[in-house]
Amino acid sequence: MLPPHVVNIADLRRAAERRLPRVVFDYIDGGAEDEVTLQENERAFRTVSFRPRNAVCVDRCELDTNVLGSRVSMPLLLAPCGFSRLVHPRGELAAARAAAKAGVGFTLSTMSGYRLEDVAHANPSGPLWYQLYLLGGRAVAEEVIERARLARFTALVITIDTATSGMRERDVRNGSNVLMSDNKLAMIPFLPRLLAHPRWLTSYLLDGGPSTFPNIVVPGRGPMCLQEARAALRHSAVTWKDLSWIREIWPGPIVVKGVLTRDDAAKALDKGAAAIIVSNHGGRQLDGAPAALRALPEVVETVNGRADVLMDGGIRRGSDVLKAICLGARAVLVGRAYMYGLGAAGEDGVSRALEILRADLTRTMALLGCASIAELNQSFVAPPSGQPAC
Ligand SMILES: Cc1cc2nc3c(=O)[nH]c(=O)nc-3n(C[C@H](O)[C@H](O)[C@H](O)COP(=O)(O)O)c2cc1C
């Protein structure tokens with residue numbers, strides 16, 4: 001149970017930091033190299049200020065909106081986050097259930113510790129999206145795409161910013177590769193640090209430790225083990241050619257995640273993307289990539305209404321969500337904001353993260369003098385120079 005004084009995402013982050021061993025907390029919290037992009041993601045929101053309409057009475061705020069044709073209760077989805085079962089034994093099941101209760105979308109990462117069918121069962125209402133890495137090649141992908149279709153996942157998210165793994169130096173220092181390996185004996189040198197977090201350690205050991213990825217099934221061999229999947233991730237770039245192939249075998253909408261430039265936005269449209277996620281992977285891949293919020297206007301301009309434009313990276317408050325929407329996003333995805341909740345208190349923690357964001361959204365909308373998400377536009381924000389955006 002979370003205490004009532006957890007009132008914002010920063011409080012949830014502190015709660016997660018207390019509950020989780022350093023190696024697991026840093027896996028969520030950290031970014032690539034000097035973490036410049038990670039910090040810029042958050043900073044970019046601070047440089048945008050609001051232009052409220054005052055002396056307006058807003059009795060009720062309508063936060064609901066459509067994303068890829070599905071109704072969500074607020075303009076928000078949970079981003080794909082791998083290895084969630086390491087953070088909490090219920091992992092993706094807990095997050096998917098909390099998303100369903102809150103009426104927001106859930107995106108399941110390829111690097112899930114639970115079968116996609118079980119996650120679909122935990123989230124019967126959707127929207128439910130499946131994020132695909134091409135681990136193990138096309139035969140593996142073909143099978144999981146068919147399973148996702150049968151389990152009623154409605155969109156396929158293709159992450160394009162992982163030509164190789166980003167260098168997350170905190171993970172290397174903390175020995176996260178050991179924790180995520182199949183050899184549990186290799187954990188022995190790290191035991192003193194893990195023993196300092198007995199509640200997490202007990203639940204991890206009772207869970208048996210996530211040891212395979214049940215949605216990466218190699219034909220004739222079964223689910224890929226952790227070590228193999230981590231190695232494969234380093235050589236699993238998705239190319240534009242792969243996107244053409246995926247377009248042929250997946251009948252539903254395709255969402256391209258990891259677009260930061262007008263060129264890539266144009267290519268994604270060309271390949272039939274129904275939505276684009278402006279994202280730098282939460283600052284976990286290319287350090288020095290622009291803050292996602294700064295890349296958003298260029299992509300919105302290029303797409304020009306031909307697809308839904310979403311964004312993620314750095315969202316810690318409801319006001320951040322609204323700034324992204326004013327700058328042209330249809331909705332946002334949150335990664336760390338809910339992962340801190342998962343680490344702090346499992347499903348309750350994810351629900352708390354979503355309640356916090358919803359309360360922020362409602363209050364900020366009222367203070368902006370805006371009654372519905374559909375009414376938001378650029379005139380509600382000023383760019384960093386202080387000039388009105390239009
Ligand atoms: C712990 C963690 C694991 C992630 N795993 C994946 C993944 O498996 N696939 C993917 O496309 N993105 C992954 N991401 C990136 C998120 O989908 C999202 O782009 C990012 O978290 C957004 O930034 P934010 O954390 O500041 O909200 C991960 C992010 C985190 C924090």
# chains A, B, ... in the order shown; residues from 1 in each chain; ligands from 1
$ residues_around --residues "Leu201 in chain A" --least-positions-apart "3" --cutoff "12 Å" --atoms "only C-alpha atoms" --output "list in words"
Arg19, Leu20, Pro21, Val24, Leu86, Val87, His88, Pro89, Leu179, Met187, Phe190, Leu191, Pro192, Arg193, Leu194, Leu195, Ala196, His197, Pro198, Tyr204, Leu205, Leu206, Asp207, Gly208 and Gly209 of chain A
$ residues_near_ligand --ligand "ligand 1" --cutoff "6 Å" --atoms "only C-alpha atoms and all ligand atoms" --output "list in words"
Tyr27, Ile28, Ala79, Pro80, Cys81, Gly82, Ser109, Met111, Thr159, Ser279, His281, Gly282, Asp312, Gly313, Gly314, Ile315, Val334, Gly335 and Arg336 of chain A
$ write_last_selection --atoms "N, CA, C and O atoms" --output "compact mmCIF listing (two decimals), in the first residue's frame"
# COMPACT_ATOMS: atom_id res chain seq x y z
N TYR A 27 17.86 0.53 -13.60
CA TYR A 27 17.42 0.02 -14.91
C TYR A 27 16.22 0.84 -15.41
O TYR A 27 16.14 1.19 -16.59
N ILE A 28 15.32 1.21 -14.50
CA ILE A 28 14.17 2.03 -14.91
C ILE A 28 14.61 3.47 -15.13
O ILE A 28 14.29 4.11 -16.13
N ALA A 79 3.63 3.10 -22.21
CA ALA A 79 4.64 2.80 -23.23
C ALA A 79 5.16 1.37 -23.04
O ALA A 79 5.10 0.83 -21.93
N PRO A 80 5.70 0.77 -24.11
CA PRO A 80 6.27 -0.57 -23.94
C PRO A 80 7.51 -0.50 -23.06
O PRO A 80 8.41 0.29 -23.32
N CYS A 81 7.54 -1.27 -22.00
CA CYS A 81 8.71 -1.31 -21.10
C CYS A 81 9.08 -2.76 -20.83
O CYS A 81 8.30 -3.50 -20.22
N GLY A 82 10.26 -3.15 -21.30
CA GLY A 82 10.70 -4.53 -21.15
C GLY A 82 11.14 -4.85 -19.73
O GLY A 82 11.35 -3.96 -18.91
N SER A 109 5.61 -4.77 -24.45
CA SER A 109 6.93 -4.90 -25.07
C SER A 109 7.19 -6.36 -25.48
O SER A 109 6.74 -7.30 -24.83
N MET A 111 9.87 -7.64 -24.92
CA MET A 111 10.68 -8.16 -23.82
C MET A 111 9.82 -8.38 -22.58
O MET A 111 10.18 -8.00 -21.46
N THR A 159 9.42 -0.42 -33.16
CA THR A 159 10.43 0.49 -32.61
C THR A 159 11.62 0.53 -33.57
O THR A 159 12.21 -0.51 -33.87
N SER A 279 9.83 9.95 -30.43
CA SER A 279 10.43 9.35 -29.23
C SER A 279 11.92 9.18 -29.42
O SER A 279 12.40 8.89 -30.51
N HIS A 281 13.26 7.05 -27.11
CA HIS A 281 13.35 5.87 -26.24
C HIS A 281 13.62 6.31 -24.79
O HIS A 281 14.31 5.62 -24.04
N GLY A 282 13.08 7.45 -24.44
CA GLY A 282 13.28 7.95 -23.07
C GLY A 282 14.75 8.21 -22.75
O GLY A 282 15.17 8.06 -21.60
N ASP A 312 6.50 10.48 -26.72
CA ASP A 312 6.85 10.10 -25.35
C ASP A 312 8.23 10.61 -25.02
O ASP A 312 8.99 11.02 -25.89
N GLY A 313 8.50 10.64 -23.70
CA GLY A 313 9.82 11.07 -23.23
C GLY A 313 9.70 12.26 -22.29
O GLY A 313 9.36 13.36 -22.72
N GLY A 314 9.92 12.02 -21.01
CA GLY A 314 10.01 13.12 -20.03
C GLY A 314 8.70 13.51 -19.39
O GLY A 314 8.66 14.48 -18.61
N ILE A 315 7.63 12.77 -19.65
CA ILE A 315 6.34 13.18 -19.08
C ILE A 315 6.23 12.73 -17.63
O ILE A 315 6.27 11.55 -17.31
N VAL A 334 3.58 7.13 -21.58
CA VAL A 334 4.45 7.32 -20.41
C VAL A 334 5.17 6.01 -20.12
O VAL A 334 4.57 4.93 -20.19
N GLY A 335 6.46 6.13 -19.82
CA GLY A 335 7.25 4.95 -19.47
C GLY A 335 7.58 4.96 -17.99
O GLY A 335 6.91 4.32 -17.17
N ARG A 336 8.59 5.76 -17.64
CA ARG A 336 9.04 5.75 -16.23
C ARG A 336 7.92 6.11 -15.26
O ARG A 336 7.86 5.55 -14.17
$ atom_distance --atom1 "CA of Met1 in chain A" --atom2 "CA of Ala122 in chain A"
20.8 Å
$ atom_distance --atom1 "CA of Ser125 in chain A" --atom2 "CA of Ala273 in chain A"
23.6 Å
$ closest_atom_pairs --of "range 115-175 of chain A" --to "range 225-235 of chain A" --cutoff "9 Å" --atoms "only C-alpha atoms" --output "JSON lines"
{"residue": "A:Tyr133", "atom": "CA", "partner": "A:Leu233", "partner_atom": "CA", "distance": 7.8}
{"residue": "A:Leu134", "atom": "CA", "partner": "A:Leu233", "partner_atom": "CA", "distance": 8.2}
{"residue": "A:Leu135", "atom": "CA", "partner": "A:Ala232", "partner_atom": "CA", "distance": 5.9}
{"residue": "A:Gly136", "atom": "CA", "partner": "A:Ala232", "partner_atom": "CA", "distance": 6.9}
{"residue": "A:Thr162", "atom": "CA", "partner": "A:Arg234", "partner_atom": "CA", "distance": 7.7}
{"residue": "A:Ala163", "atom": "CA", "partner": "A:His235", "partner_atom": "CA", "distance": 6.8}
{"residue": "A:Thr164", "atom": "CA", "partner": "A:Arg234", "partner_atom": "CA", "distance": 4.4}
{"residue": "A:Ser165", "atom": "CA", "partner": "A:Arg234", "partner_atom": "CA", "distance": 5.2}
{"residue": "A:Gly166", "atom": "CA", "partner": "A:Arg234", "partner_atom": "CA", "distance": 8.9}
$ write_last_selection --atoms "N, CA and C atoms" --output "PDB file, in the first residue's frame"
ATOM      1  N   TYR A 133      10.007  -6.132 -31.563  1.00  0.00           N
ATOM      2  CA  TYR A 133      11.427  -6.126 -31.940  1.00  0.00           C
ATOM      3  C   TYR A 133      11.617  -7.344 -32.824  1.00  0.00           C
ATOM      4  N   LEU A 134      12.498  -7.227 -33.815  1.00  0.00           N
ATOM      5  CA  LEU A 134      12.721  -8.380 -34.705  1.00  0.00           C
ATOM      6  C   LEU A 134      13.785  -9.308 -34.132  1.00  0.00           C
ATOM      7  N   LEU A 135      13.582  -9.771 -32.923  1.00  0.00           N
ATOM      8  CA  LEU A 135      14.541 -10.689 -32.304  1.00  0.00           C
ATOM      9  C   LEU A 135      14.328 -12.086 -32.854  1.00  0.00           C
ATOM     10  N   GLY A 136      15.410 -12.689 -33.300  1.00  0.00           N
ATOM     11  CA  GLY A 136      15.289 -14.079 -33.757  1.00  0.00           C
ATOM     12  C   GLY A 136      14.850 -14.191 -35.209  1.00  0.00           C
ATOM     13  N   THR A 162      16.530   1.186 -32.315  1.00  0.00           N
ATOM     14  CA  THR A 162      17.407   0.257 -31.590  1.00  0.00           C
ATOM     15  C   THR A 162      18.314  -0.505 -32.572  1.00  0.00           C
ATOM     16  N   ALA A 163      19.044   0.252 -33.399  1.00  0.00           N
ATOM     17  CA  ALA A 163      19.987  -0.392 -34.323  1.00  0.00           C
ATOM     18  C   ALA A 163      20.986  -1.220 -33.519  1.00  0.00           C
ATOM     19  N   THR A 164      21.305  -0.749 -32.321  1.00  0.00           N
ATOM     20  CA  THR A 164      22.053  -1.534 -31.341  1.00  0.00           C
ATOM     21  C   THR A 164      21.600  -1.037 -29.978  1.00  0.00           C
ATOM     22  N   SER A 165      22.064  -1.668 -28.893  1.00  0.00           N
ATOM     23  CA  SER A 165      21.620  -1.220 -27.574  1.00  0.00           C
ATOM     24  C   SER A 165      22.362   0.041 -27.155  1.00  0.00           C
ATOM     25  N   GLY A 166      21.653   0.972 -26.541  1.00  0.00           N
ATOM     26  CA  GLY A 166      22.307   2.159 -25.998  1.00  0.00           C
ATOM     27  C   GLY A 166      23.219   1.762 -24.847  1.00  0.00           C
TER      28      GLY A 166
END
$ residues_around --residues "Met365 in chain A" --least-positions-apart "5" --cutoff "7 Å" --atoms "only C-alpha atoms" --output "VMD selection string"
chain A and resid 61 370 to 371
$ residues_around --residues "Glu347 in chain A" --least-positions-apart "5" --cutoff "12 Å" --atoms "only C-alpha atoms" --output "MDAnalysis selection string"
chainID A and resid 1:2 84 87:102 122 338:342 352:354
$ closest_atom_pairs --of "range 104-183 of chain A" --to "range 245-265 of chain A" --cutoff "7 Å" --atoms "only C-alpha atoms" --output "Markdown table"
| residue | atom | partner | partner_atom | distance |
| --- | --- | --- | --- | --- |
| A:Ile145 | CA | A:Trp250 | CA | 7.0 |
| A:Thr154 | CA | A:Gly252 | CA | 6.5 |
| A:Ala155 | CA | A:Pro253 | CA | 5.1 |
| A:Leu156 | CA | A:Ile254 | CA | 5.0 |
| A:Val157 | CA | A:Val255 | CA | 4.5 |
| A:Ile158 | CA | A:Val256 | CA | 5.0 |
| A:Thr159 | CA | A:Lys257 | CA | 4.6 |
| A:Ile160 | CA | A:Gly258 | CA | 5.5 |
| A:Asp161 | CA | A:Gly258 | CA | 5.3 |
$ write_last_selection --atoms "C-alpha atoms" --output "PDB file, in the first residue's frame"
ATOM      1  CA  ILE A 145       2.250 -11.293 -35.033  1.00  0.00           C
ATOM      2  CA  THR A 154      -5.284  -3.882 -32.237  1.00  0.00           C
ATOM      3  CA  ALA A 155      -2.039  -2.220 -33.346  1.00  0.00           C
ATOM      4  CA  LEU A 156       1.561  -3.221 -33.911  1.00  0.00           C
ATOM      5  CA  VAL A 157       4.210  -0.788 -32.646  1.00  0.00           C
ATOM      6  CA  ILE A 158       7.510  -1.029 -34.494  1.00  0.00           C
ATOM      7  CA  THR A 159      10.429   0.495 -32.609  1.00  0.00           C
ATOM      8  CA  ILE A 160      13.004   1.827 -35.062  1.00  0.00           C
ATOM      9  CA  ASP A 161      15.611   3.394 -32.766  1.00  0.00           C
TER      10      ASP A 161
END
$ residues_around --residues "Val299 in chain A" --least-positions-apart "3" --cutoff "12 Å" --atoms "only C-alpha atoms" --output "number ranges by chain"
A: 258-269, 275-279, 292-296, 302-311, 327-329
$ closest_residue --among "A:Met167, A:Val6, A:Ile216, A:Leu243" --to "Thr110 in chain A" --atoms "only C-alpha atoms"
A:Ile216
$ residues_around --residues "Pro219 in chain A" --least-positions-apart "4" --cutoff "9 Å" --atoms "only C-alpha atoms" --output "list of chain:residue names"
A:Ala139, A:Val140, A:Glu143, A:Pro223
$ residues_around --residues "Val36 in chain A" --least-positions-apart "5" --cutoff "8 Å" --atoms "only C-alpha atoms" --output "list in words"
Gly283, Asp287 and Gly288 of chain A
$ write_last_selection --atoms "N, CA, C and O atoms" --output "JSON list (two decimals), in the first residue's frame"
[["chain", "number", "residue", "atom", "x", "y", "z"],
["A", 283, "GLY", "N", 15.52, 8.63, -23.78],
["A", 283, "GLY", "CA", 16.94, 8.94, -23.54],
["A", 283, "GLY", "C", 17.77, 7.71, -23.24],
["A", 283, "GLY", "O", 18.85, 7.82, -22.64],
["A", 287, "ASP", "N", 22.41, 9.06, -26.95],
["A", 287, "ASP", "CA", 22.54, 10.26, -26.12],
["A", 287, "ASP", "C", 22.96, 11.40, -27.05],
["A", 287, "ASP", "O", 23.81, 11.24, -27.92],
["A", 288, "GLY", "N", 22.32, 12.55, -26.88],
["A", 288, "GLY", "CA", 22.55, 13.66, -27.81],
["A", 288, "GLY", "C", 21.41, 13.80, -28.81],
["A", 288, "GLY", "O", 21.35, 14.77, -29.56]]
$ select_by_dssp --residues "range 116-239 of chain A" --states "strand (DSSP E)" --output "count of residues only"
21
$ atom_distance --atom1 "CA of Leu286 in chain A" --atom2 "CA of Arg170 in chain A"
15.3 Å
$ closest_residue --among "A:Ala141, A:Gly126, A:Asp118, A:Ala32" --to "Asp242 in chain A" --atoms "only C-alpha atoms"
A:Ala141
